[in-house]
Structures are given as C-alpha cells and as structure tokens.
Amino acid sequence: MIRGKPDEDDYWNNSKFKAFTFDDEDDDFTRLKESKRAVNSIRSLVEEEDEEDDVEKVSWSGEPVGSISWSVKETESSIRSTGEVRDQSFPKIHTAPSLPKNSSGYSLSSLFKGKAKTGSFQSFSESFGDPSIRNYAPELRKPKSEYKDYVSDWTPEETVKRMQQGKVYSLEKFRSLQDKLLLLDEAVNAHDGNVITAVLIYLKKSLSKEILFRELITREIALRHYIHYLKEIGEQKLLVELFKSMDRTEDMALMQYRDHLNVRDENKRRDFLKNCLSFPFSPDDATHVQDHYTLLERQIIIEANDKQVESSGQADIFKKYPRKASILNMPIITTLYYSCFYHYGESDGTFSSPANIRKTFRISDKQFLLTCLGARAKLKAWFDVDALFTTKNWLGYTKKRSPIGFHRIVDILQKNNAPVQVLQDYVNLVEDVEQKISLAQKYKCHDVIINTYRDLKDRQQLIVYRGKVERSSSEYRKIEEILSNSQLRWKN
Amino acid sequence: MAHSVRRDAPELPDFSLLKRLARDQLIYLLEQLPGRKDLFIEADLMSPLDRIANVTTLKQHDVDKLYKVEHKPIVSTSDQTVRGCFLYPLTNWFLFPDVVNADKAFGRFRRYKIIFSPQKFYACENLLEEQGIFGDVTTDEWSFYLLPLDDDIISLELPEFFRDYFLEGDQRWVRTAGSALHLLHSVYGPFSKVYGIGRCSKMAYESWREQVEEGEQRARQAEIGNVFLIDRDVDLVTPLCSQVVYEGLVDDIFRIKCGCVEFCPDVTSSDKSIKVMLNSQDKVFNEIRNEHFSQVFGFLSQKARNLQTAYDKRSGMDIKQMKTFVSEELKGLKQEHRLLSLHIGASESMMKKKTKQDFQELLKTEHSLLEGFEIRECISYIEEHINRQVSMVESMRLLCLLSLTENAFSLIYSSMSYFLSQSYGIEHLLTFSNLKQLGLLVEQQPGETLTVMESRVGKLVNDKTAGKLTDAFSSLAKKSNFRALGRRLNLVPKSDEEYDLRVPRDMAYIFSGAYIPLSCKLIEQVLERDGWTGLEEVTRMLNGHEFAVTAGSNGSDARVKTDSQRIILVMFLGGCTFSEISALRFLGREKGKEGFMRSLLQVSTQLT
C-alpha cells in the first residue's frame, strides 16, 4: 500500500467507509481481502483478530470490517466494551493505518507474543502510544512541519477525556460513520452528559438525520440526551421527525400537545387543540384531548354570553355575586361548579347547564354531587341542597340518599356556614350512631343528640347532657320533658 | 428536651472553607475583567451568591451595578463602554442570545462575558456560536459546586438535577457531582471507604475516581472518613410522605430555599413578610428543627416562660445590677425573644393551615398506605380529595405513594387520571406522562388486566395459562417491591404499640413512628455491616447497582479508627428531604457518629 499524505489518508478512509456502508457484505469482504493482501506482513494477525471479535463487533454497530484501520479500532472498542480494561494509552487513530510500515521497525514476533490473551492488545498499543515512537514514526511518514498539524490526532477516548477536562480538542477528524459512532460510544461510556451532548451536536451537523436517527435507536442513553438537547433549544420539527422515525408517536403527540400552553389567545388555543385531535395519542390521552377541546369551546361560548349578561345587569345572580374571574381555561370541575352557581336549573339543552356538562364530560355521581353541593350551599340555596338527595321510590315515598357518607356532606355544609336547622337534618341521616353523636356535639345540634339518646333509651347520657345546656333554653325544657315521661322504658 | 450531642462525637470539618474557595474564585474571575462592569445575576443564583459574597465585596472589584437577569433588552445606563458580566446557572442559558441580539438591533455593541456556574456546557457555547455572537460574548466558568448551608449540610444547589437526570435521562450533572466529590476529597479527604447504591451514584463515583487519578495526591489528615452515595430513585417513597418534623413542615409550607425561608405576614404578625436564615445559629430553631411537630409547642411555651423569668429579674434590681443586666444579658434576651416569637408565629400559622385541611386524615391515609392497610378506604379518600379539588400536589403525592406501595394501582390508573384531569385541568396529562416516565405512577399495560387477575387466582391455574402467568409475574417484578422491602428491613413498626414521640427510639419518629425512611435505613444497615453483605435480597429488590469500595493499597492506615472515620458524608443524588436529614442526625447521635450530608434541594413532585 502506498503511503499517501494524511489528507489522502482521510479521504481514503472516507471513501472506503462509503463503499462498505452501501455495498453488500460480500463486496466488502472482497475489498477487505484485497487490502489485507496488500499488507502482507501483518495480515495473519489482523485476520485472527477479526475472527475473535466477530461477536463483539455486532454489539456496537453490526457493520462489517472495512479495512485494517477499522479492524484495529474495532478491537479497541471491543476491549473497551468488555468493560474492565481501562487502558489510557490507546494508539492514535492516525498511527493505525501506518501500522504495516511502522511495524517493520519492530520484530513481528513481539507483536505475536502479546496476542495470545485478550488483554494482549494493550501491550501492542502501548508500544505505539509511546512518545518515543511518536517522534520516530513521523520521520518515516512525512516531514516534521506537516506532522505539526496532526498533534491533535486523539483517539476517541483521549478526545473525550480532553473534552471532559475542558482542554482543546477537535472533532473534525471523526469523519467516517464508524469513527463518529466510536466517539459517541466513548462519550457515553464516560458518563458525562456534557460531552455526550457535544458529540451529538457534532453528529447532528455532520450526519444526515436519517443516519443519525437510525444509529440512535440502538443507543438509548445518547438518544435521551439528544431528545433533551433538542427540547432545550426548541427544535420541535426535528424532534417530531425523530419520534416519527422511531415510532414513538405518542411521545410526539404529547410533545406537540404541550405547545398549547404557549398559546395565550383562547380562540387560537381552541384551534390549536382542534388540530391536536388528529395526533396519534394513546386511547386514554385521546379522550382527554378531545375533552379539552370541547371544554374550551364551551367555555368560550359561556364566557362571551355571561360577560354580556353581567355587564348589561340583566341577571340578579351576577349582580349579587359578581364573577371573580373568567371561566376560560378552568378545569372541568370548576366549570361545573360555575355552571351550578350561575346556571342552575337551565334546561339540559343549553351548553351552560349543569346537566349538559355532566353528560358531556361523563362526570360521576360523586363528583357531580360534591361540586353541586358546594355551589348550592355557597348560595345558601338549601332547598336545592335538599333536592339533590331526595329520591322518590315507586310508592311515592321520598327518601334521602347519597353516594357519599352523610358525615362528609355535613362537613361540606358546615364549611359553607349552613345553619343548624339545615345541618341537623343531615346529621340525623348519619347511620353510625357514635359518629352521629360526635358530629352533633361538634356542631351543636341539640335536638339530634337529645332524640338519639331518647331513642337509645340512655337516661344517664341524657342527664349528663342536661348539665351542658343552659337552664333557660328550649333544649333544657325538652330534656326535662323526656325525662319525666313515664312511658319511656329507660335501659339505665 | 434538646439532645445533648455526645461528648465524644468528633468535630465536624470546617465547611466555611468551601465558601472562601468559591469567593476567591469569583473575585479572580471578576478581576479578569478590568474596569467597571455591571453584573447580571440569574434569579436562581441570587441567594447562593448572597451566601458567598456581599455587595461590598463585589463593589470592591469594580462591579458597578447589579441586575437580575430578565430576558429582555438591557436598560442600563447604556453607553457603549458598559460591560456586562452574566452569572448563569444553567437553567435559562438558551435564552441568552436574545439579549445580545436585541442589543445589536439597537446598534449597541457591548461586550459581554457569561460566567457559568458551576460549569459551562458545550451546548451553550455551541448556541452562542450558532447565533453568531460567539466573539461578542466570552464565557468562563465559576466552579462553585458546593454551598455549605449549615454546620452539617452542604448543598450542590442544583434543583434541576432530579428532572434532568431522572426524567430526561441527561447525565450532564453526573460529572458535576463527581467534581463536587472531588473537591471535598481534596479538601477534607482522603476518604477511606465509599459505599453507594444506584446507577447515578455509580457513575458519579466513577467520575470522581477518574478525577482523582488525573490530579495529584497529597497526603494529609483526613477529616471525612466515609462516603455514602445514594440515588434519589432508590427511595422515592420517603419524599412523598408529608413531613412532620419542624424543619420539614416549615419546608413543606413555606419552602426553605438555600437555607432561607420567607415567612409570610401572618407569621410575623406585621404587614410585611421577612426572610429568615434557618440554621444552627438560630438557637431556638436549632433546638426544635429535628423535633416532631407535636413536641414543638410544649418546648416553645417552656422557653417563653423561661424568658419571662429572665426578664422579671429586672424588678428588684438596683442601678448597678440593672446596668450589668442591660449590658450583658439584655441583648441576648431580646434576640431570643425575637426568635421565639417568630417560631411561635410560624407554628401557629402552620397549625392553622393544617387543621383547615384535615391534616390528621391525610396523615392517616399516608400511614395506611405505608402499612398496606385499608387500601380501599385510602383509595376512596384520595378520590374524594381529588373530586373536591383540594391541593393538587397533595393529590399527586398520594397517588404516587399509592402507586409505589400497591402494585394493584395500575388497575385504577385510568380512572384516577380521569378524575385528576377533571379536577385540576386536562393539561395535566403531561404531568402524568412525566410521572410515568419517572416510575412514580404505573399505568396498566395493555392486556395486563387479564394476567394480573389470573395471578390473583393463581391456585386455579392450569397449564394453558401458565405462560400468561409468567408474563404477569415478570410484569409484577418490574414494579415496586416496597412491601417486601418494608418487611425485610422493618420499615413499618408494628402499629399496636404506642410510640412515644418525646423519647424517640428509632428514626421512625420523623413520621410519627409510622415509617422509617428507606434511604436512612439502608444507610444505617450498610454502615453497621460495613458493606452490603447480608443485604443481597434487598439490593436485588432495589435493582442492584450497589457498591462498597475501600481506598487503595494502604489498607493498614484505613484500619486505624480515627475520629474522622466516624464522620460520614451522605450524598443524595437528586435531593433529600429535611425529614431525612433529621433522621440521619438522630442516627448520628445514637451511634456517636456525626453524619452530615449534602442535599440537593428537596424535590417532592415533578409538575408539568
């Protein structure tokens, strides 16, 4: 093989790489064989290395060997990928192609000697990494002045190391795909996100995106760095392409959906969301997004209408309780609350009616009850509150029912400052007697307590309770009355 | 009530050295820019910077004006000689070019220097280059890794750590963590033993080790013996629990930032809020910070009575006594008075907030979840919590806790996420996707319902379904092992015994005796066993990645039990809670070891 100038070397590498990337394997191997024949002095060594490494090679790229320099690098990486060996003086990449010539200065046997074990390559490489050889080798190759340009010929590992330490480095010479990938893998091995991203930026600039995406699929860590980087610099379009090429369509949809947060104007936001509907969300998310669109659409209509009504001063409710904020972009439950507050009793057909909202957004009984209760209690519309729980059975009897325990209802009512008369109705409905009494005591529902003790025929407790109420009060009289009732059979 | 620190507890190293190092480097960087300059400081860096250098120091080094970085055109007294110097932590760096380009649009050419802290990233430089402002803007880095927040806490102050590493999978901070460790090693080392668990810990260790190898070694007296590294995702349960020790509660309610808290007006009972430093210098705080909240009131009122008696001494004093009293005691008393009223105010305000929202019930639910008891009730509690639109963060925390402790959670994921989005806004489906990515929420895999159900009725299974069953088991294996871990490590003490919070017997006191934080228990166990032997099953359940390394060849030296050997550096990668700090302080007192640690700001839930 004729030793050319370094530039030509580069070119040679480069074209070589193209050849075997796009040609089929057989062709590669014939080329390989040819080049091997050209370097007869070391051929047997290389071939053996090749065979040894066959398995590992697939692990990082799956590409066949292209030339000697590749096989050398291949070996390096396979040594490294086995992990434990951390040799810091790998040969410079550029000394590698000149291997045959240089090696003539060494006895071949010394190379063979070291080859027996897995770690053998270290001793081999150390001998080339040695500074003394560095000085002597260029004289064989090229004049010193030219050599000076190549001081920055660092191996992937050295390059990564220098980058970590913030020293001068150069990525320009990692031109072949394998070189680039080797560099990337080295950066990933160094666990330094900063360097990984730096390498990825270089790859982004120097590789077509199809190739880069393809290689990233098998490199999870690098991929996540790449995605994060693109997110940070806001390259949305490229990210979409990336997700698409990897079939991560749900991620893509979510990411695009996220953008709606940046759309301020509600009409534009609605249109944006409408546009989102066609994205490939997961089934669950698709429902959510559909809801989101419908919700905002409704809110815009309600808002426009209510604003007009409020300013014209037509409706009492808005005069009495002016709206504190617009309903736009509020959650579904808040919207329901709003509708229960301002639009209670509207017919099901209108967008703003509670029933319609309940139906459209499939709101559960519990949710509906809690929200509605809160809103009506706030307005002190106790009649509405009662109506919420009242059910008629087929005989026409009315009964109060609730999907949540009545003790919680009492709690909510109390927080909305319900009067004792209202509260005690609900305290009475609490099934657990002890809970009923403790709630009644907490909220001073005397009647409930007195009646409960009476029903329990618990004279002692009633007497105790008599001591707690004021002498002149109606409660006191009531207790007296009960205690003096001779028809009651007290248990104590 | 205050625990007397054991007399033989070793002295902690002097961490103010770290501050001095950081200050010196900052001054050096400023001096690299001769002449007057304006300094623009990113908001996140303000309070850390405050702890390092004050305005006078900066002015002494020709800093003209100080600005907060707001990403809009700079409106300083803009003649062209003004030089801007920007201090950036890396959160908002990608907005910087707009500033310069806006400037250019006005035809102004200022010279800028960006100082990144704690390090600059290639991505930033690349952006400057791409925007064509690389020459106009020069960059430098201020390797300000560690901020001592207290005698026993050092912090990286990187709130981004958790999100960047655990959510985005970006390892950009790994090297930073390694460098910080390296800094500690070279100032207070050499360490003799390093324990750790978690992938990130492993990488940080590797990075540190490489940096040690690159640098030169100096033989010196070690001030820190052992190091324990732990990934936040080893124990995600603990930060999800409501904190009930005083310091933790203050953090949950008022947010302690960089050792500082801003008490709102109803604490200070005046019309403005004040910023207070919370550390061991505050004598009142120092005594209550690690106490369970229920104990704090008693302590404060006792303290108030003592203060009253001290003041009362005045009556019946003659002039001379009065004079000494005023000159010697009064200042101290006044100081104490001020602190006392502050903390009483804070306690009251916290009490008010907590009783308003049924704190007891929330705690009860959390404890039931940890115990795996009455799960159905817990679920309906959470559901109602969500339906009533009570604090979203709390709902999320409860849900995550449920998901981490109960594998069956995946079955109700769908309906819960539906409730959440209805109550708090649909855009939170993005939050779910983040929480899922973090493993905090586990969604039901398609087709899993069937197999999970089958594994439940496992005894009835015949050969046909055996294949499906193994699938189910492997999918279960991926999930949380919290229950098994809890049993193995005794994390949840038996609930039938009364737990006396006044005399805590173990670390569980920080959660009212209901739960010993997994992270702290692990640390205790490993230190006790001097390694991971005997904990194989535990580490397997935590996905492994544990290690214990003893330093170099001079093993004989390491055997010597010096004081420093008892000082242990615990490093949480991804943040830790004040409750955990309290627990470790307790551990330190119990074992006569002073554990000190560095936290990376607490991150309890990741939102949107």
# chains A, B, ... in the order shown; residues from 1 in each chain; ligands from 1
>>> interface_residues(of="chain B", to="chain A", cutoff="9 Å", atoms="only C-alpha atoms", output="JSON, numbers by chain")
{"B": [94, 120, 121, 122, 123, 126, 127, 164, 168, 169, 170, 171, 172, 173, 174, 175, 176, 203, 204, 206, 207, 384, 387, 388, 389, 414, 418, 419, 421, 422, 423, 424, 425, 426, 427, 429, 430, 433]}
>>> residues_around(residues="Leu527 in chain B", least_positions_apart="3", cutoff="10 Å", atoms="only C-alpha atoms", output="list in words")
Tyr195, Asn226, Phe228, Lys521, Leu522, Ile523, Glu524, Asp530, Gly531, Trp532 and Ile568 of chain B
>>> select_by_dssp(residues="range 173-348 of chain A", states="alpha helix (DSSP H)", output="PyMOL selection string")
chain A and resi 177-189+193-206+209-217+220-233+236-245+249-258+266-276+283-312+316-320+332-342
>>> closest_residue(among="B:Leu236, B:Leu330, B:Cys264, B:Leu307", to="Ala346 in chain B", atoms="only C-alpha atoms")
B:Cys264
>>> closest_residue(among="B:Val234, B:Leu18, B:Cys241, B:Leu26", to="Leu485 in chain B", atoms="only C-alpha atoms")
B:Val234
>>> select_by_dssp(residues="range 244-358 of chain B", states="strand (DSSP E)", output="list in words")
Cys260, Val261, Glu262, Phe263, Ile274, Lys275, Val276 and Met277 of chain B
>>> residues_around(residues="Lys257 in chain B", least_positions_apart="5", cutoff="10 Å", atoms="only C-alpha atoms", output="ChimeraX atom specification")
/B:44,47-48,157,251,262,277-278,601-602
>>> write_last_selection(atoms="C-alpha atoms", output="mmCIF file, in the first residue's frame")
data_model
loop_
_atom_site.group_PDB
_atom_site.id
_atom_site.type_symbol
_atom_site.label_atom_id
_atom_site.label_comp_id
_atom_site.auth_asym_id
_atom_site.auth_seq_id
_atom_site.Cartn_x
_atom_site.Cartn_y
_atom_site.Cartn_z
ATOM 1 C CA ASP B 44 -31.706 31.084 40.895
ATOM 2 C CA SER B 47 -29.417 33.507 47.186
ATOM 3 C CA PRO B 48 -26.423 31.188 46.837
ATOM 4 C CA GLU B 157 -27.985 23.762 44.893
ATOM 5 C CA ASP B 251 -40.241 23.480 54.245
ATOM 6 C CA GLU B 262 -39.655 33.686 53.741
ATOM 7 C CA MET B 277 -31.980 32.224 57.729
ATOM 8 C CA LEU B 278 -32.618 28.856 59.246
ATOM 9 C CA LEU B 601 -32.767 20.628 47.437
ATOM 10 C CA GLN B 602 -35.797 18.627 48.015
#
>>> atom_distance(atom1="CA of Leu181 in chain B", atom2="CA of Val227 in chain B")
9.3 Å
>>> atom_distance(atom1="CA of Val410 in chain A", atom2="CA of Arg466 in chain A")
24.5 Å
>>> residues_around(residues="range 436-440 of chain A", least_positions_apart="4", cutoff="8 Å", atoms="only C-alpha atoms", output="PyMOL selection string")
chain A and resi 407+424+427-428+430-432+444-446+448-449+452
>>> closest_residue(among="B:Asp14, B:Asp266, B:Asp152, B:Asp38", to="Ile581 in chain B", atoms="only C-alpha atoms")
B:Asp152
